[in-house]
file work_21.pdb (PDB, C-alpha atoms)
MODEL        1
ATOM      1  CA  MET A   1      47.068  10.688-190.275
ATOM      2  CA  PHE A   2      47.407   9.450-193.828
ATOM      3  CA  ASP A   3      45.507   6.218-194.513
ATOM      4  CA  PRO A   4      47.048   4.506-197.582
ATOM      5  CA  ILE A   5      44.225   1.943-197.744
ATOM      6  CA  LEU A   6      41.531   4.629-197.933
ATOM      7  CA  TYR A   7      43.569   6.644-200.451
ATOM      8  CA  THR A   8      44.064   3.606-202.670
ATOM      9  CA  LYS A   9      40.353   2.771-202.329
ATOM     10  CA  CYS A  10      39.628   6.297-203.555
ATOM     11  CA  ILE A  11      41.827   5.854-206.643
ATOM     12  CA  ASP A  12      40.185   2.513-207.386
ATOM     13  CA  PHE A  13      36.710   4.043-206.930
ATOM     14  CA  ALA A  14      37.473   6.896-209.344
ATOM     15  CA  ALA A  15      39.080   4.534-211.869
ATOM     16  CA  ARG A  16      35.959   2.379-211.880
ATOM     17  CA  LYS A  17      33.689   5.408-212.268
ATOM     18  CA  HIS A  18      35.722   6.868-215.146
ATOM     19  CA  ARG A  19      36.578   3.506-216.775
ATOM     20  CA  ASP A  20      34.809   4.171-220.087
ATOM     21  CA  GLN A  21      35.813   7.820-220.425
ATOM     22  CA  ARG A  22      38.637   9.339-222.457
ATOM     23  CA  ARG A  23      40.183  12.812-222.561
ATOM     24  CA  LYS A  24      39.608  14.878-225.709
ATOM     25  CA  ASP A  25      43.281  14.904-226.698
ATOM     26  CA  PRO A  26      44.279  13.263-230.003
ATOM     27  CA  GLU A  27      45.623  10.225-228.103
ATOM     28  CA  LYS A  28      42.273   9.772-226.299
ATOM     29  CA  THR A  29      44.100   9.403-222.984
ATOM     30  CA  PRO A  30      42.180   7.444-220.330
ATOM     31  CA  TYR A  31      40.227  10.015-218.334
ATOM     32  CA  ILE A  32      41.462   8.717-214.972
ATOM     33  CA  ASN A  33      44.907  10.121-215.816
ATOM     34  CA  HIS A  34      43.443  13.591-215.248
ATOM     35  CA  PRO A  35      42.263  13.289-211.611
ATOM     36  CA  ILE A  36      45.348  11.283-210.676
ATOM     37  CA  GLY A  37      47.477  13.987-212.317
ATOM     38  CA  VAL A  38      45.621  16.710-210.405
ATOM     39  CA  ALA A  39      46.369  14.917-207.118
ATOM     40  CA  TYR A  40      49.999  14.512-208.172
ATOM     41  CA  LEU A  41      50.325  18.249-208.902
ATOM     42  CA  LEU A  42      49.058  18.906-205.385
ATOM     43  CA  THR A  43      51.680  16.623-203.858
ATOM     44  CA  GLU A  44      54.369  18.352-205.939
ATOM     45  CA  ALA A  45      53.128  21.613-204.395
ATOM     46  CA  ASN A  46      53.600  20.118-200.896
ATOM     47  CA  VAL A  47      49.910  19.473-200.263
ATOM     48  CA  VAL A  48      49.655  16.369-198.090
ATOM     49  CA  ASP A  49      46.117  16.728-196.680
ATOM     50  CA  GLN A  50      44.511  13.377-197.476
ATOM     51  CA  ASN A  51      41.022  14.880-197.815
ATOM     52  CA  VAL A  52      42.286  17.361-200.409
ATOM     53  CA  LEU A  53      44.133  14.644-202.332
ATOM     54  CA  MET A  54      41.098  12.348-202.319
ATOM     55  CA  ALA A  55      38.838  15.224-203.398
ATOM     56  CA  ALA A  56      41.255  15.826-206.286
ATOM     57  CA  ILE A  57      40.941  12.178-207.306
ATOM     58  CA  LEU A  58      37.143  12.398-207.077
ATOM     59  CA  HIS A  59      36.638  15.962-208.328
ATOM     60  CA  ASP A  60      34.936  15.005-211.619
ATOM     61  CA  THR A  61      33.032  11.896-210.514
ATOM     62  CA  VAL A  62      29.725  13.606-209.671
ATOM     63  CA  GLU A  63      29.956  15.979-212.630
ATOM     64  CA  ASP A  64      30.927  13.376-215.246
ATOM     65  CA  THR A  65      29.641  10.004-213.981
ATOM     66  CA  LYS A  66      26.597   8.672-212.146
ATOM     67  CA  THR A  67      28.302   9.110-208.765
ATOM     68  CA  THR A  68      26.341  10.965-206.074
ATOM     69  CA  PHE A  69      27.582  13.205-203.276
ATOM     70  CA  ASP A  70      26.002  10.779-200.798
ATOM     71  CA  GLU A  71      28.062   7.958-202.285
ATOM     72  CA  ILE A  72      31.260   9.971-201.851
ATOM     73  CA  GLU A  73      30.352  10.786-198.255
ATOM     74  CA  LYS A  74      29.530   7.144-197.490
ATOM     75  CA  HIS A  75      32.899   5.903-198.749
ATOM     76  CA  PHE A  76      35.228   8.832-198.038
ATOM     77  CA  GLY A  77      33.583  11.079-195.434
ATOM     78  CA  LYS A  78      31.830  14.421-195.225
ATOM     79  CA  ALA A  79      34.989  16.522-195.547
ATOM     80  CA  VAL A  80      35.824  14.969-198.929
ATOM     81  CA  ARG A  81      32.195  15.253-200.026
ATOM     82  CA  ASP A  82      32.155  18.960-199.154
ATOM     83  CA  ILE A  83      35.326  19.697-201.146
ATOM     84  CA  VAL A  84      34.033  17.757-204.161
ATOM     85  CA  ASP A  85      30.710  19.589-203.866
ATOM     86  CA  GLU A  86      32.478  22.965-203.950
ATOM     87  CA  VAL A  87      34.391  22.167-207.155
ATOM     88  CA  THR A  88      31.544  20.436-209.000
ATOM     89  CA  ASP A  89      29.642  22.287-211.716
ATOM     90  CA  ASP A  90      25.876  21.906-211.903
ATOM     91  CA  LYS A  91      25.472  20.257-215.317
ATOM     92  CA  LEU A  92      21.802  21.329-215.380
ATOM     93  CA  LYS A  93      22.949  24.912-215.947
ATOM     94  CA  PRO A  94      24.074  26.149-219.380
ATOM     95  CA  LYS A  95      27.810  25.955-220.049
ATOM     96  CA  GLN A  96      28.372  29.746-220.052
ATOM     97  CA  GLU A  97      26.573  30.067-216.709
ATOM     98  CA  ARG A  98      28.677  27.273-215.213
ATOM     99  CA  LYS A  99      31.825  29.044-216.379
ATOM    100  CA  ARG A 100      30.620  32.364-214.938
ATOM    101  CA  LEU A 101      29.813  30.710-211.616
ATOM    102  CA  GLN A 102      33.293  29.191-211.404
ATOM    103  CA  ILE A 103      34.745  32.702-211.584
ATOM    104  CA  VAL A 104      32.285  34.080-209.023
ATOM    105  CA  HIS A 105      32.532  31.191-206.535
ATOM    106  CA  ALA A 106      36.329  30.869-206.661
ATOM    107  CA  LYS A 107      37.049  33.730-204.262
ATOM    108  CA  GLY A 108      34.721  32.426-201.538
ATOM    109  CA  ALA A 109      35.681  28.753-201.795
ATOM    110  CA  SER A 110      37.327  26.917-198.931
ATOM    111  CA  HIS A 111      41.121  26.687-198.920
ATOM    112  CA  GLU A 112      40.837  22.964-199.714
ATOM    113  CA  ALA A 113      38.552  23.540-202.713
ATOM    114  CA  LYS A 114      40.841  26.317-203.965
ATOM    115  CA  LEU A 115      43.779  23.905-203.934
ATOM    116  CA  VAL A 116      41.868  21.345-206.016
ATOM    117  CA  LYS A 117      40.667  24.035-208.429
ATOM    118  CA  LEU A 118      44.190  25.455-208.902
ATOM    119  CA  ALA A 119      45.660  22.026-209.612
ATOM    120  CA  ASP A 120      42.762  21.143-211.933
ATOM    121  CA  LYS A 121      43.242  24.309-213.977
ATOM    122  CA  LEU A 122      47.024  23.796-214.059
ATOM    123  CA  TYR A 123      46.623  20.245-215.349
ATOM    124  CA  ASN A 124      44.113  21.325-218.012
ATOM    125  CA  LEU A 125      46.208  24.273-219.165
ATOM    126  CA  ARG A 126      49.331  22.146-219.457
ATOM    127  CA  ASP A 127      47.312  19.750-221.587
ATOM    128  CA  LEU A 128      46.116  22.671-223.741
ATOM    129  CA  GLU A 129      49.681  23.875-224.192
ATOM    130  CA  ARG A 130      50.632  20.393-225.364
ATOM    131  CA  THR A 131      47.739  19.819-227.762
ATOM    132  CA  THR A 132      44.340  21.112-228.843
ATOM    133  CA  PRO A 133      41.402  18.848-227.928
ATOM    134  CA  ALA A 134      39.513  17.181-230.754
ATOM    135  CA  GLY A 135      36.840  19.480-232.137
ATOM    136  CA  TRP A 136      38.236  22.649-230.542
ATOM    137  CA  THR A 137      38.958  25.750-232.606
ATOM    138  CA  GLN A 138      41.951  27.981-231.902
ATOM    139  CA  GLU A 139      39.492  30.591-230.604
ATOM    140  CA  ARG A 140      37.962  28.158-228.114
ATOM    141  CA  ARG A 141      41.449  27.186-226.938
ATOM    142  CA  GLU A 142      42.423  30.852-226.430
ATOM    143  CA  ASP A 143      39.118  31.568-224.651
ATOM    144  CA  TYR A 144      39.820  28.712-222.233
ATOM    145  CA  PHE A 145      43.160  30.246-221.236
ATOM    146  CA  VAL A 146      41.508  33.642-220.642
ATOM    147  CA  TRP A 147      38.643  32.114-218.657
ATOM    148  CA  ALA A 148      40.964  29.907-216.579
ATOM    149  CA  LYS A 149      43.001  32.983-215.658
ATOM    150  CA  GLU A 150      39.826  34.731-214.470
ATOM    151  CA  VAL A 151      39.037  31.735-212.258
ATOM    152  CA  THR A 152      42.548  31.340-210.880
ATOM    153  CA  ASP A 153      42.966  35.081-210.267
ATOM    154  CA  ASN A 154      40.189  34.633-207.689
ATOM    155  CA  LEU A 155      42.136  31.787-206.040
ATOM    156  CA  ARG A 156      45.263  33.873-205.345
ATOM    157  CA  GLY A 157      46.987  33.436-202.015
ATOM    158  CA  THR A 158      46.232  29.717-201.804
ATOM    159  CA  ASN A 159      49.435  27.977-202.921
ATOM    160  CA  GLU A 160      52.436  29.872-204.257
ATOM    161  CA  GLN A 161      53.889  26.918-206.140
ATOM    162  CA  LEU A 162      50.688  26.200-208.095
ATOM    163  CA  GLU A 163      50.113  29.902-208.718
ATOM    164  CA  ASN A 164      53.673  30.389-210.009
ATOM    165  CA  ALA A 165      53.244  27.449-212.399
ATOM    166  CA  LEU A 166      50.005  28.963-213.664
ATOM    167  CA  ASP A 167      51.687  32.366-214.066
ATOM    168  CA  GLU A 168      54.313  30.771-216.320
ATOM    169  CA  ILE A 169      51.547  29.446-218.552
ATOM    170  CA  TYR A 170      49.753  32.795-218.616
ATOM    171  CA  LYS A 171      53.029  34.514-219.488
ATOM    172  CA  ASN A 172      53.546  32.055-222.369
ATOM    173  CA  GLN A 173      50.040  32.905-223.577
ATOM    174  CA  ASN A 174      50.670  36.684-223.231
ATOM    175  CA  LEU A 175      47.982  37.000-220.557
ATOM    176  CA  VAL A 176      50.173  38.650-217.904
TER     177      VAL A 176
ENDMDL
END
call {"tool": "encode", "arguments": {"input": "work_21.pdb", "output": "structure tokens"}}
result
Amino acid sequence: MFDPILYTKCIDFAARKHRDQRRKDPEKTPYINHPIGVAYLLTEANVVDQNVLMAAILHDTVEDTKTTFDEIEKHFGKAVRDIVDEVTDDKLKPKQERKRLQIVHAKGASHEAKLVKLADKLYNLRDLERTTPAGWTQERREDYFVWAKEVTDNLRGTNEQLENALDEIYKNQNLV
């Protein structure tokens, strides 16, 4: 059963955690637009599981703020914590290792984590199609598309709508 109070609490929690962060686009979009957009992409793809939607809202809080997994569990439950845990990179590892692990772990992730990961990659790739982040070279941008495809190829069979949207992007980038 969908609990609008808990869902709204989740959005408020994430907004507070990300309040001082900005995206790397030229407009320096408030960072919170990203997790809200990821959750929205899920709803557009007919995902209505509240735990998945809340995990989408919270998916970068542990990785990019001082939020802990215990804090997420306390406020939003173990199921949400577990999904967030699955999609969170270990920032103590080097960037290339984190990227490699995303590819490797994608195939064995839970269905819920796969949904969040697909929507996250779709949101990021649409942003990259629109504009290049500050400080990124064309090569880095192209490498991101290639890497994202490697990750999402290991998420196949999760959600046809999200996968079709990603395929359109990959086709535009001549990766299909």
call {"tool": "atom_distance", "arguments": {"input": "work_21.pdb", "atom1": "atom CA of A:Thr67", "atom2": "atom CA of A:Leu92"}}
result
15.3 Å
call {"tool": "closest_residue", "arguments": {"input": "work_21.pdb", "among": "A:Leu58, A:Pro26, A:Arg19, A:Lys149", "to": "A:Thr131", "atoms": "only C-alpha atoms"}}
result
A:Pro26
call {"tool": "resolve_selection", "arguments": {"input": "work_21.pdb", "expression": "the PyMOL selection byres ((chain A and resi 111) around 12)", "output": "list in words"}}
result
Val47, Asp49, Asn51, Val52, Asp82, Ile83, Glu86, Val87, Ala106, Lys107, Gly108, Ala109, Ser110, Glu112, Ala113, Lys114, Leu115, Val116, Lys117, Leu118, Asn154, Leu155, Arg156, Gly157, Thr158 and Asn159 of chain A
call {"tool": "write_last_selection", "arguments": {"input": "work_21.pdb", "atoms": "C-alpha atoms", "output": "compact mmCIF listing (two decimals), keeping the file's coordinate frame"}}
result
# COMPACT_ATOMS: atom_id res chain seq x y z
CA VAL A 47 49.91 19.47 -200.26
CA ASP A 49 46.12 16.73 -196.68
CA ASN A 51 41.02 14.88 -197.82
CA VAL A 52 42.29 17.36 -200.41
CA ASP A 82 32.16 18.96 -199.15
CA ILE A 83 35.33 19.70 -201.15
CA GLU A 86 32.48 22.96 -203.95
CA VAL A 87 34.39 22.17 -207.16
CA ALA A 106 36.33 30.87 -206.66
CA LYS A 107 37.05 33.73 -204.26
CA GLY A 108 34.72 32.43 -201.54
CA ALA A 109 35.68 28.75 -201.80
CA SER A 110 37.33 26.92 -198.93
CA GLU A 112 40.84 22.96 -199.71
CA ALA A 113 38.55 23.54 -202.71
CA LYS A 114 40.84 26.32 -203.96
CA LEU A 115 43.78 23.90 -203.93
CA VAL A 116 41.87 21.34 -206.02
CA LYS A 117 40.67 24.04 -208.43
CA LEU A 118 44.19 25.46 -208.90
CA ASN A 154 40.19 34.63 -207.69
CA LEU A 155 42.14 31.79 -206.04
CA ARG A 156 45.26 33.87 -205.34
CA GLY A 157 46.99 33.44 -202.02
CA THR A 158 46.23 29.72 -201.80
CA ASN A 159 49.44 27.98 -202.92
call {"tool": "atom_distance", "arguments": {"input": "work_21.pdb", "atom1": "atom CA of A:Tyr40", "atom2": "atom CA of A:Tyr123"}}
result
9.8 Å
call {"tool": "resolve_selection", "arguments": {"input": "work_21.pdb", "expression": "the PyMOL selection byres ((chain A and resi 11-14) around 9)", "output": "ChimeraX atom specification"}}
result
/A:6-10,15-19,32,35-36,54,57-58,60-61
call {"tool": "closest_residue", "arguments": {"input": "work_21.pdb", "among": "A:Thr137, A:Arg23, A:Glu63, A:Leu125", "to": "A:Lys93", "atoms": "all atoms listed in the file"}}
result
A:Glu63
call {"tool": "atom_distance", "arguments": {"input": "work_21.pdb", "atom1": "atom CA of A:Asn172", "atom2": "atom CA of A:Asp153"}}
result
16.4 Å
call {"tool": "closest_residue", "arguments": {"input": "work_21.pdb", "among": "A:Asp90, A:Glu71, A:Asp3, A:Asp85", "to": "A:Val48", "atoms": "only C-alpha atoms"}}
result
A:Asp3
call {"tool": "closest_residue", "arguments": {"input": "work_21.pdb", "among": "A:Tyr170, A:Tyr31, A:Phe76, A:Trp147", "to": "A:Leu53", "atoms": "only C-alpha atoms"}}
result
A:Phe76
call {"tool": "residues_around", "arguments": {"input": "work_21.pdb", "residues": "stretch 161-166 of chain A", "least_positions_apart": "2", "cutoff": "6 Å", "atoms": "all atoms listed in the file", "output": "number ranges by chain"}}
result
A: 45, 122, 159, 168-169
call {"tool": "write_last_selection", "arguments": {"input": "work_21.pdb", "atoms": "C-alpha atoms", "output": "compact mmCIF listing (two decimals), in the coordinates of the input"}}
result
# COMPACT_ATOMS: atom_id res chain seq x y z
CA ALA A 45 53.13 21.61 -204.40
CA LEU A 122 47.02 23.80 -214.06
CA ASN A 159 49.44 27.98 -202.92
CA GLU A 168 54.31 30.77 -216.32
CA ILE A 169 51.55 29.45 -218.55
call {"tool": "residues_near_point", "arguments": {"input": "work_21.pdb", "point": "(35.8, 32.6, -223.3)", "cutoff": "12 Å", "atoms": "all atoms listed in the file", "output": "ChimeraX atom specification"}}
result
/A:95-97,99-100,103,137-151
call {"tool": "build_atoms", "arguments": {"input": "work_21.pdb", "residues": "stretch 115-150 of chain A", "atoms": "N, CA and C atoms", "output": "mmCIF file, in the coordinates of the input"}}
result
data_model
loop_
_atom_site.group_PDB
_atom_site.id
_atom_site.type_symbol
_atom_site.label_atom_id
_atom_site.label_comp_id
_atom_site.auth_asym_id
_atom_site.auth_seq_id
_atom_site.Cartn_x
_atom_site.Cartn_y
_atom_site.Cartn_z
ATOM 1 N N LEU A 115 42.622 24.724 -203.550
ATOM 2 C CA LEU A 115 43.779 23.905 -203.934
ATOM 3 C C LEU A 115 43.424 22.964 -205.087
ATOM 4 N N VAL A 116 42.292 22.275 -204.961
ATOM 5 C CA VAL A 116 41.868 21.345 -206.016
ATOM 6 C C VAL A 116 41.630 22.108 -207.313
ATOM 7 N N LYS A 117 40.975 23.252 -207.233
ATOM 8 C CA LYS A 117 40.667 24.035 -208.429
ATOM 9 C C LYS A 117 41.944 24.529 -209.107
ATOM 10 N N LEU A 118 42.911 25.004 -208.322
ATOM 11 C CA LEU A 118 44.190 25.455 -208.902
ATOM 12 C C LEU A 118 44.888 24.316 -209.642
ATOM 13 N N ALA A 119 44.968 23.161 -208.993
ATOM 14 C CA ALA A 119 45.660 22.026 -209.612
ATOM 15 C C ALA A 119 44.906 21.530 -210.840
ATOM 16 N N ASP A 120 43.579 21.549 -210.794
ATOM 17 C CA ASP A 120 42.762 21.143 -211.933
ATOM 18 C C ASP A 120 43.014 22.061 -213.127
ATOM 19 N N LYS A 121 43.007 23.360 -212.879
ATOM 20 C CA LYS A 121 43.242 24.309 -213.977
ATOM 21 C C LYS A 121 44.673 24.153 -214.509
ATOM 22 N N LEU A 122 45.639 23.972 -213.614
ATOM 23 C CA LEU A 122 47.024 23.796 -214.059
ATOM 24 C C LEU A 122 47.156 22.566 -214.952
ATOM 25 N N TYR A 123 46.560 21.468 -214.541
ATOM 26 C CA TYR A 123 46.623 20.245 -215.349
ATOM 27 C C TYR A 123 45.992 20.480 -216.722
ATOM 28 N N ASN A 124 44.811 21.088 -216.739
ATOM 29 C CA ASN A 124 44.113 21.325 -218.012
ATOM 30 C C ASN A 124 44.893 22.272 -218.922
ATOM 31 N N LEU A 125 45.468 23.311 -218.348
ATOM 32 C CA LEU A 125 46.208 24.273 -219.165
ATOM 33 C C LEU A 125 47.497 23.663 -219.717
ATOM 34 N N ARG A 126 48.140 22.838 -218.928
ATOM 35 C CA ARG A 126 49.331 22.146 -219.457
ATOM 36 C C ARG A 126 48.940 21.228 -220.608
ATOM 37 N N ASP A 127 47.817 20.573 -220.480
ATOM 38 C CA ASP A 127 47.312 19.750 -221.587
ATOM 39 C C ASP A 127 47.045 20.605 -222.819
ATOM 40 N N LEU A 128 46.420 21.780 -222.618
ATOM 41 C CA LEU A 128 46.116 22.671 -223.741
ATOM 42 C C LEU A 128 47.375 23.228 -224.390
ATOM 43 N N GLU A 129 48.405 23.438 -223.609
ATOM 44 C CA GLU A 129 49.681 23.875 -224.192
ATOM 45 C C GLU A 129 50.266 22.774 -225.078
ATOM 46 N N ARG A 130 50.066 21.544 -224.653
ATOM 47 C CA ARG A 130 50.632 20.393 -225.364
ATOM 48 C C ARG A 130 49.873 20.096 -226.653
ATOM 49 N N THR A 131 48.547 20.194 -226.609
ATOM 50 C CA THR A 131 47.739 19.819 -227.762
ATOM 51 C C THR A 131 46.351 20.444 -227.674
ATOM 52 N N THR A 132 45.707 20.594 -228.811
ATOM 53 C CA THR A 132 44.340 21.112 -228.843
ATOM 54 C C THR A 132 43.367 19.933 -228.852
ATOM 55 N N PRO A 133 42.372 19.950 -227.964
ATOM 56 C CA PRO A 133 41.402 18.848 -227.928
ATOM 57 C C PRO A 133 40.665 18.694 -229.253
ATOM 58 N N ALA A 134 40.271 17.475 -229.536
ATOM 59 C CA ALA A 134 39.513 17.181 -230.754
ATOM 60 C C ALA A 134 38.262 18.050 -230.792
ATOM 61 N N GLY A 135 38.038 18.670 -231.938
ATOM 62 C CA GLY A 135 36.840 19.480 -232.137
ATOM 63 C C GLY A 135 36.945 20.913 -231.639
ATOM 64 N N TRP A 136 38.070 21.282 -231.040
ATOM 65 C CA TRP A 136 38.236 22.649 -230.542
ATOM 66 C C TRP A 136 38.850 23.526 -231.622
ATOM 67 N N THR A 137 38.355 24.754 -231.724
ATOM 68 C CA THR A 137 38.958 25.750 -232.606
ATOM 69 C C THR A 137 40.072 26.459 -231.833
ATOM 70 N N GLN A 138 40.913 27.173 -232.546
ATOM 71 C CA GLN A 138 41.951 27.981 -231.902
ATOM 72 C C GLN A 138 41.310 29.023 -230.993
ATOM 73 N N GLU A 139 40.186 29.583 -231.418
ATOM 74 C CA GLU A 139 39.492 30.591 -230.604
ATOM 75 C C GLU A 139 38.997 29.991 -229.281
ATOM 76 N N ARG A 140 38.439 28.806 -229.335
ATOM 77 C CA ARG A 140 37.962 28.158 -228.114
ATOM 78 C C ARG A 140 39.136 27.886 -227.171
ATOM 79 N N ARG A 141 40.244 27.451 -227.732
ATOM 80 C CA ARG A 141 41.449 27.186 -226.938
ATOM 81 C C ARG A 141 41.903 28.466 -226.246
ATOM 82 N N GLU A 142 41.999 29.571 -226.994
ATOM 83 C CA GLU A 142 42.423 30.852 -226.430
ATOM 84 C C GLU A 142 41.438 31.340 -225.369
ATOM 85 N N ASP A 143 40.145 31.170 -225.622
ATOM 86 C CA ASP A 143 39.118 31.568 -224.651
ATOM 87 C C ASP A 143 39.258 30.793 -223.351
ATOM 88 N N TYR A 144 39.646 29.513 -223.441
ATOM 89 C CA TYR A 144 39.820 28.712 -222.233
ATOM 90 C C TYR A 144 40.940 29.277 -221.369
ATOM 91 N N PHE A 145 42.053 29.661 -221.984
ATOM 92 C CA PHE A 145 43.160 30.246 -221.236
ATOM 93 C C PHE A 145 42.706 31.523 -220.516
ATOM 94 N N VAL A 146 41.982 32.377 -221.223
ATOM 95 C CA VAL A 146 41.508 33.642 -220.642
ATOM 96 C C VAL A 146 40.554 33.360 -219.480
ATOM 97 N N TRP A 147 39.607 32.454 -219.695
ATOM 98 C CA TRP A 147 38.643 32.114 -218.657
ATOM 99 C C TRP A 147 39.333 31.478 -217.444
ATOM 100 N N ALA A 148 40.254 30.564 -217.681
ATOM 101 C CA ALA A 148 40.964 29.907 -216.579
ATOM 102 C C ALA A 148 41.720 30.938 -215.746
ATOM 103 N N LYS A 149 42.293 31.925 -216.391
ATOM 104 C CA LYS A 149 43.001 32.983 -215.658
ATOM 105 C C LYS A 149 42.020 33.758 -214.784
ATOM 106 N N GLU A 150 40.828 34.034 -215.283
ATOM 107 C CA GLU A 150 39.826 34.731 -214.470
ATOM 108 C C GLU A 150 39.463 33.914 -213.234
#
